[in-house]
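Everything on this sheet refers to the single structure shown next.
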Amino acid sequence: MKKILVLSALAAMLASGDALADTSDKKIAFSNNYAGNSWRQAMLNSYAIVTKKAVADGVVAAADIFTTADKEVPTQAAQVQNLILQGYDAIVINAASPDALNGAIKQACDAGIVVVSFDGIVTEPCAYRVVVDFKDMGRQEVEQMAKFHPEGGNLLEIRGLAGTSIDGTIHAGILEGVAAHPKFKIVGSVTGDWDQTTAQKAVATILPSLPEIVGVVDQGGDGYGAAQAFAAAGKPRPTIIMGNRQDELQWWKEQKDKDGYQTWSASIAPGVSSLAFWVAQQVLDGRTDVPHDLLVPYLAFTQDTFEAELPNIPKGGVASHEYTQEDAIAAIKANIK
Amino acid sequence: MASLRLLLAKPWIWSFIGALLVWLATIAFTGGYGGGGMITAALSLAVFTVIVGVGQMFVITLGPGNVDLSLPANIGLASAVAMKVMDGNDSMIVVGLLAALACGMAIGAANYLLIWALRIPPIIATLSASFIIQSIDISYGRGLQIKPPPGFASFTNWQILGIPVLAILTVLFSIGAAIALQRMIYGRSVLAIGQNIRAAWLAGVNVGRIRFLTYTLSGALGGLDGALLAGYFRGANVDIGNEYLLACIAVVVIGGTSVAGGKANVPGVWGAALFLVLLLTMLNTFGVSAGVRLLLTGLIIVGVITAAGGQKALR
């Protein structure tokens with residue numbers, strides 16, 4: 001009888017391909033390097049919601065969050081070293097730099113610690129990277145634009161923080177989109193740093209010299225600022241791609257109620273932190289087939305779905321999505337080639 | 001001719017010449033298209049740099065080592081305080097502005113307290129204060145963007161014949177600041193302290209009180225700027241003042257105020273602020289990449305400061 005139980009349990013395990021070990025005594029730390037904007041606040045919030053439940057359910061023993069106040073690399077490197085000494089089994093990290101932390105990350109790996117990076121990823125090969133498919137997001141922006149403006153026209157592009165991989169990837173996606181829809185032409189490009197204020201200022205300085213713009217392709221966090229700059233300059237309102245921020249969706253709703261304004265919204269969900277947590281849990285669980293680079297989908301809203309989401313976003317915050325263990329397993333499966 | 005030479009001898013004229021050249025280069029590129037819109041945009045954006053620039057100018061004029069590096073954090077906190085107090089309610093606009101001013105003044109006074117009571121150099125004192133302020137801001141604002149009341153938002157964007165009303169008000173404020181600097185006991189005392197603090201003290205200037213007032217004034221202007229920025233950019237946030245760390249010092253220096261202290265002028269702050277915005281306009285219009293833009297901005301600022309400094313040596 002006992003033998004049958006063990007065998008059937010073993011069979012169940014093999015069938016599902018996970019849960020080879022127990023993670024209820026494992027401790028996972030979250031190393032975060034900045035908390036000063038709405039996206040990061042939502043990221044921490046989603047992480048806290050998911051991990052509190054995971055700890056209460058006994059899935060893991062502890063899931064502590066450590067945030068450094070500045071965006072500096074040395075501070076975070078020291079923090080990672082402390083986490084190694086404190087004996088955590090895994091570190092989920094949003095890193096201040098893709099390569100400058102590699103030394104500390106390597107130390108963690110050598111100490112047998114599982115490192116999962118997301119958003120601000122690390123290039124150290126021993127770490128896992130949860131990456132959102134930003135290239136597809138850039139491409140989709142132009143695809144959506146083509147739906148609203150089949151006749152094509154002039155586009156204004158707002159870039160993100162110069163030198164980051166995210167900025168480069170979204171930009172490459174947008175260029176691919178424009179190549180597929182040659183009716184569109186990017187006539188101006190400014191740097192908005194994913195920040196409403198910076199974007200508004202940059203757009204305000206370039207607008208007077210631009211011809212008529214039918215659409216703005218951007219990277220999230222900059223749409224509302226762009227809308228304000230067009231209004232301040234007294235220029236006609238173009239189709240501005242949004243980035244899931246509450247003020248952007250709110251503005252969209254106001255315009256839609258006024259005259260049926262149409263656009264599209266997409267961004268990386270801050271809750272991707274919770275997905276990184278589950279990936280770490282899966283690796284601790286003994287799964288050896290998890291790819292080190294995991295491409296996961298972005299969070300998008302359309303004309304039909306954004307209004308339902310609006311009440312769920314805190315005022316001044318950003319739309320998020322808390323991922324489950326099943327989501328992580330599905331994401332891992334989708335990335336095994 | 002004589003009046004032209006007199007004008008060219010003014011240390012602040014170079015910043016206006018720079019602004020004009022940059023504007024002409026931009027409209028030459030666009031073939032004259034959008035020149036007026038550029039001026040409107042430049043005036044709207046320059047206002048915010050001028051307000052903190054004037055505060056920084058008074059502090060820098062106090063003499064070597066005096067600088068207020070807490071302005072960016074101050075702006076961020078005051079923007080959140082103003083928006084929270086106003087709470088989207090038009091009837092609370094004045095209260096919110098006063099709260100932002102009070103918040104800024106408290107920061108300025110605290111800065112001077114650190115400098116005076118603990119004898120910390122101003123650079124260290126104001127920089128460490130800014131970390132404290134930023135932490136307060138993060139826990140107070142929770143990183144959320146708080147929206148301004150509609151009346152306040154449209155006030156900050158109100159234009160008459162293409163000229164922003166906020167710019168007109170700031171010009172009036174600048175005239176007041178110029179009078180305070182050149183014609184009032186307070187301003188003369190600031191200049192005297194900057195030229196020689198010991199001589200000023202021996203001449204009977206209450207050095208401690210003047211320095212206290214100056215840091216408080218700088219803090220108050222930072223607070224006011226935070227509230228106005230939150231209005232214009234439709235929302236408070238922690239990083240809203242970040243770019244003013246360099247900008248508020250750059251406009252003072254480009255404007256012809258002596259970094260060594262004791263010599264200051266208000267018009268130069270305006271010229272330099274317009275120059276910086278128009279420079280950004282020009283580089284954006286030319287469509288240069290972000291890296292090249294930062295490089296050129298740095299080089300051009302160095303160039304202008306060198307040109308302005310060379311002029312001073314001639315006199």
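If you're wondering about the labels, chains in the structure tokens are A, B, ... by order shown, residues count from 1 in each chain, ligands from 1 in order shown.
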Name the residues in contact with B:Val165 at a cut-off of 12 Å, using only C-alpha atoms, excluding same-chain residues fewer than 2 positions from it; report them as a PyMOL selection string. chain B and resi 40+43-44+47+154-163+167-172
Please dump the current selection as a PDB file, in the first residue's frame; keep N, CA and C atoms.
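Okay, result-v1.pdb is ready:
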```
ATOM      1  N   THR B  40       7.738  80.930 -26.988  1.00  0.00           N
ATOM      2  CA  THR B  40       6.726  80.651 -25.972  1.00  0.00           C
ATOM      3  C   THR B  40       7.153  79.475 -25.098  1.00  0.00           C
ATOM      4  N   LEU B  43      10.086  80.473 -22.843  1.00  0.00           N
ATOM      5  CA  LEU B  43       9.676  81.298 -21.703  1.00  0.00           C
ATOM      6  C   LEU B  43       8.996  80.434 -20.644  1.00  0.00           C
ATOM      7  N   SER B  44       8.072  79.537 -21.086  1.00  0.00           N
ATOM      8  CA  SER B  44       7.334  78.699 -20.128  1.00  0.00           C
ATOM      9  C   SER B  44       8.287  77.863 -19.297  1.00  0.00           C
ATOM     10  N   VAL B  47      11.122  79.817 -16.807  1.00  0.00           N
ATOM     11  CA  VAL B  47      10.617  80.371 -15.554  1.00  0.00           C
ATOM     12  C   VAL B  47      11.084  79.557 -14.350  1.00  0.00           C
ATOM     13  N   SER B 154      -4.287  75.175 -14.987  1.00  0.00           N
ATOM     14  CA  SER B 154      -4.458  76.061 -16.138  1.00  0.00           C
ATOM     15  C   SER B 154      -3.815  77.421 -15.873  1.00  0.00           C
ATOM     16  N   PHE B 155      -3.699  77.822 -14.601  1.00  0.00           N
ATOM     17  CA  PHE B 155      -3.010  79.077 -14.290  1.00  0.00           C
ATOM     18  C   PHE B 155      -1.541  79.013 -14.725  1.00  0.00           C
ATOM     19  N   THR B 156      -0.870  77.864 -14.429  1.00  0.00           N
ATOM     20  CA  THR B 156       0.550  77.761 -14.770  1.00  0.00           C
ATOM     21  C   THR B 156       0.764  77.725 -16.274  1.00  0.00           C
ATOM     22  N   ASN B 157      -0.303  77.467 -17.037  1.00  0.00           N
ATOM     23  CA  ASN B 157      -0.174  77.366 -18.493  1.00  0.00           C
ATOM     24  C   ASN B 157      -0.885  78.511 -19.214  1.00  0.00           C
ATOM     25  N   TRP B 158      -1.300  79.532 -18.456  1.00  0.00           N
ATOM     26  CA  TRP B 158      -2.093  80.631 -18.993  1.00  0.00           C
ATOM     27  C   TRP B 158      -1.210  81.537 -19.842  1.00  0.00           C
ATOM     28  N   GLN B 159      -1.634  81.798 -21.088  1.00  0.00           N
ATOM     29  CA  GLN B 159      -0.839  82.651 -21.972  1.00  0.00           C
ATOM     30  C   GLN B 159      -1.665  83.819 -22.480  1.00  0.00           C
ATOM     31  N   ILE B 160      -1.011  84.996 -22.605  1.00  0.00           N
ATOM     32  CA  ILE B 160      -1.649  86.146 -23.240  1.00  0.00           C
ATOM     33  C   ILE B 160      -0.821  86.492 -24.465  1.00  0.00           C
ATOM     34  N   LEU B 161      -1.409  86.381 -25.657  1.00  0.00           N
ATOM     35  CA  LEU B 161      -0.713  86.646 -26.914  1.00  0.00           C
ATOM     36  C   LEU B 161       0.592  85.860 -27.012  1.00  0.00           C
ATOM     37  N   GLY B 162       0.541  84.608 -26.592  1.00  0.00           N
ATOM     38  CA  GLY B 162       1.725  83.757 -26.711  1.00  0.00           C
ATOM     39  C   GLY B 162       2.760  83.958 -25.617  1.00  0.00           C
ATOM     40  N   ILE B 163       2.476  84.891 -24.687  1.00  0.00           N
ATOM     41  CA  ILE B 163       3.434  85.084 -23.599  1.00  0.00           C
ATOM     42  C   ILE B 163       2.855  84.479 -22.321  1.00  0.00           C
ATOM     43  N   ALA B 167       5.575  83.739 -16.816  1.00  0.00           N
ATOM     44  CA  ALA B 167       6.840  84.385 -17.177  1.00  0.00           C
ATOM     45  C   ALA B 167       6.787  85.871 -16.837  1.00  0.00           C
ATOM     46  N   ILE B 168       5.616  86.508 -17.102  1.00  0.00           N
ATOM     47  CA  ILE B 168       5.484  87.934 -16.784  1.00  0.00           C
ATOM     48  C   ILE B 168       5.649  88.142 -15.276  1.00  0.00           C
ATOM     49  N   LEU B 169       4.971  87.281 -14.489  1.00  0.00           N
ATOM     50  CA  LEU B 169       5.065  87.403 -13.032  1.00  0.00           C
ATOM     51  C   LEU B 169       6.506  87.182 -12.574  1.00  0.00           C
ATOM     52  N   THR B 170       7.198  86.249 -13.218  1.00  0.00           N
ATOM     53  CA  THR B 170       8.572  85.968 -12.812  1.00  0.00           C
ATOM     54  C   THR B 170       9.497  87.130 -13.175  1.00  0.00           C
ATOM     55  N   VAL B 171       9.201  87.813 -14.290  1.00  0.00           N
ATOM     56  CA  VAL B 171       9.979  89.011 -14.627  1.00  0.00           C
ATOM     57  C   VAL B 171       9.801  90.057 -13.530  1.00  0.00           C
ATOM     58  N   LEU B 172       8.546  90.253 -13.085  1.00  0.00           N
ATOM     59  CA  LEU B 172       8.291  91.222 -12.006  1.00  0.00           C
ATOM     60  C   LEU B 172       9.065  90.825 -10.747  1.00  0.00           C
TER      61      LEU B 172
END
```
Quick one: everything within 6 Å of A:Leu299, counting only C-alpha atoms, minus sequence neighbours fewer than 2 positions away in the same chain. Send it as a ChimeraX atom specification. /A:266-269
Dump of C-alpha atoms for the selected residues, as a PDB file, in the first residue's frame:
```
ATOM      1  CA  ALA A 266       1.403  48.757 -23.054  1.00  0.00           C
ATOM      2  CA  SER A 267       4.193  48.503 -20.527  1.00  0.00           C
ATOM      3  CA  ILE A 268       6.115  46.055 -18.415  1.00  0.00           C
ATOM      4  CA  ALA A 269       3.913  45.114 -15.438  1.00  0.00           C
TER       5      ALA A 269
END
```
Any idea which chain A residues end up within 10 Å of chain B if we count only C-alpha atoms, as number ranges by chain please? A: 35-42, 69-70, 159-163, 187-191, 195-211, 224-225, 228-229, 231-234, 245-247, 314-318
Using atom CA of B:Leu295 and atom CA of B:Leu276 as the two end points, give the distance in Å to one decimal. 13.8 Å
So that I can check the surroundings of B:Ile133, please list as a PyMOL selection string every protein, DNA and RNA residue that reaches within 9 Å of it, counting only C-alpha atoms and ignoring chain neighbours fewer than 3 positions away. chain B and resi 70+73-74+76-77+107+128-130+136-138
Can I get the selection written as an mmCIF file, in the first residue's frame, with C-alpha atoms?
```cif
data_model
loop_
_atom_site.group_PDB
_atom_site.id
_atom_site.type_symbol
_atom_site.label_atom_id
_atom_site.label_comp_id
_atom_site.auth_asym_id
_atom_site.auth_seq_id
_atom_site.Cartn_x
_atom_site.Cartn_y
_atom_site.Cartn_z
ATOM 1 C CA SER B 70 19.395 70.605 -1.487
ATOM 2 C CA ALA B 73 15.144 67.426 -3.127
ATOM 3 C CA ASN B 74 13.472 70.546 -1.763
ATOM 4 C CA GLY B 76 10.468 67.374 -4.965
ATOM 5 C CA LEU B 77 9.155 67.484 -1.397
ATOM 6 C CA ILE B 107 14.438 73.259 4.668
ATOM 7 C CA SER B 128 23.316 65.438 3.188
ATOM 8 C CA ALA B 129 20.156 67.411 3.938
ATOM 9 C CA SER B 130 18.921 66.516 0.465
ATOM 10 C CA ILE B 136 10.953 62.039 3.742
ATOM 11 C CA ASP B 137 9.507 62.692 0.292
ATOM 12 C CA ILE B 138 9.530 59.003 -0.683
#
```
Could you give me, as a ChimeraX atom specification, the residues within 8 Å of stretch 63-69 of chain B, counting only C-alpha atoms and dropping anything in the same chain fewer than 3 positions from it? /B:56,59-60,72,121-123,126-127,130,193-197,215,218,245,259-262
Interatomic distance (Å, one decimal) between atom CA of A:Val73 and atom CA of A:Ser97: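 Computing the Euclidean distance for atom CA of A:Val73 and atom CA of A:Ser97 yields 6.6 Å.
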List the spatial neighbours of B:Ile51 as a ChimeraX atom specification - criterion: any atom at most 9 Å away, only C-alpha atoms, same-chain residues fewer than 6 positions off excluded. /B:170,173-174,221-222,224-225,248
Those in stretch 48-244 of chain A with strand (DSSP E or B) from DSSP, as an mmCIF file with C-alpha atoms, in the first residue's frame:
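Once written, part.cif looks like this:
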```
data_model
loop_
_atom_site.group_PDB
_atom_site.id
_atom_site.type_symbol
_atom_site.label_atom_id
_atom_site.label_comp_id
_atom_site.auth_asym_id
_atom_site.auth_seq_id
_atom_site.Cartn_x
_atom_site.Cartn_y
_atom_site.Cartn_z
ATOM 1 C CA ALA A 62 10.920 33.837 4.265
ATOM 2 C CA ALA A 63 10.777 36.443 1.491
ATOM 3 C CA ASP A 64 12.350 39.646 2.705
ATOM 4 C CA ILE A 65 12.651 42.894 0.763
ATOM 5 C CA PHE A 66 15.805 45.024 0.917
ATOM 6 C CA THR A 67 15.808 48.410 -0.794
ATOM 7 C CA ALA A 90 17.937 32.795 -3.453
ATOM 8 C CA ILE A 91 18.190 36.471 -4.367
ATOM 9 C CA VAL A 92 15.672 38.182 -6.615
ATOM 10 C CA ILE A 93 17.285 41.370 -7.893
ATOM 11 C CA ASN A 94 16.392 44.528 -9.773
ATOM 12 C CA VAL A 114 20.073 31.178 -6.960
ATOM 13 C CA VAL A 115 20.018 34.667 -8.486
ATOM 14 C CA VAL A 116 17.039 35.818 -10.566
ATOM 15 C CA SER A 117 17.206 39.293 -12.108
ATOM 16 C CA PHE A 118 14.353 41.183 -13.730
ATOM 17 C CA TYR A 128 18.576 34.056 -14.396
ATOM 18 C CA ARG A 129 17.033 36.916 -16.362
ATOM 19 C CA VAL A 130 13.307 37.565 -16.576
ATOM 20 C CA VAL A 131 12.988 39.861 -19.581
ATOM 21 C CA VAL A 132 9.874 41.430 -21.030
ATOM 22 C CA GLY A 153 1.602 59.958 -41.500
ATOM 23 C CA ASN A 154 4.259 61.581 -39.366
ATOM 24 C CA LEU A 155 5.271 60.044 -36.041
ATOM 25 C CA LEU A 156 7.091 61.539 -33.077
ATOM 26 C CA GLU A 157 9.170 59.100 -31.076
ATOM 27 C CA ILE A 158 9.924 59.550 -27.369
ATOM 28 C CA ARG A 159 12.945 57.559 -26.280
ATOM 29 C CA PHE A 184 4.652 56.095 -41.377
ATOM 30 C CA LYS A 185 7.667 58.330 -40.999
ATOM 31 C CA ILE A 186 9.423 59.261 -37.759
ATOM 32 C CA VAL A 187 9.990 62.994 -38.170
ATOM 33 C CA GLY A 188 11.263 63.757 -34.680
ATOM 34 C CA SER A 189 12.829 61.961 -31.764
ATOM 35 C CA VAL A 190 13.342 63.242 -28.218
ATOM 36 C CA THR A 191 14.500 61.717 -24.935
ATOM 37 C CA GLY A 215 0.935 59.703 -33.680
ATOM 38 C CA VAL A 216 3.384 59.500 -30.817
ATOM 39 C CA VAL A 217 5.253 56.232 -30.223
ATOM 40 C CA THR A 239 -2.760 59.367 -31.243
ATOM 41 C CA ILE A 240 -0.453 58.898 -28.271
ATOM 42 C CA MET A 242 0.102 55.044 -23.499
#
```
Contacts of A:Gly177 at 8 Å or less, counting only C-alpha atoms, minus same-chain residues fewer than 2 places along, as a list in words?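 Counting only the stated atoms, we get Gly138, Arg139, Gln140, Glu141, Val142, Glu143, Gly173, Ile174, Leu175, Ala179, Ala180 and His181 of chain A.
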Contacts of A:Leu83 at 9 Å (only C-alpha atoms; same-chain gap of 5+ positions) as an mmCIF file with C-alpha atoms, in the first residue's frame:
```cif
data_model
loop_
_atom_site.group_PDB
_atom_site.id
_atom_site.type_symbol
_atom_site.label_atom_id
_atom_site.label_comp_id
_atom_site.auth_asym_id
_atom_site.auth_seq_id
_atom_site.Cartn_x
_atom_site.Cartn_y
_atom_site.Cartn_z
ATOM 1 C CA ALA A 29 15.718 37.858 -0.495
ATOM 2 C CA SER A 31 17.484 43.213 -3.576
ATOM 3 C CA ALA A 78 27.558 45.641 -0.637
ATOM 4 C CA TYR A 88 19.612 33.347 1.852
ATOM 5 C CA ILE A 91 18.190 36.471 -4.367
ATOM 6 C CA ALA A 108 26.411 34.671 -4.690
#
```
What is the distance, in Å and to one decimal place, between atom CA of A:Ala100 and atom CA of A:Ala280?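 The value is 21.8 Å.
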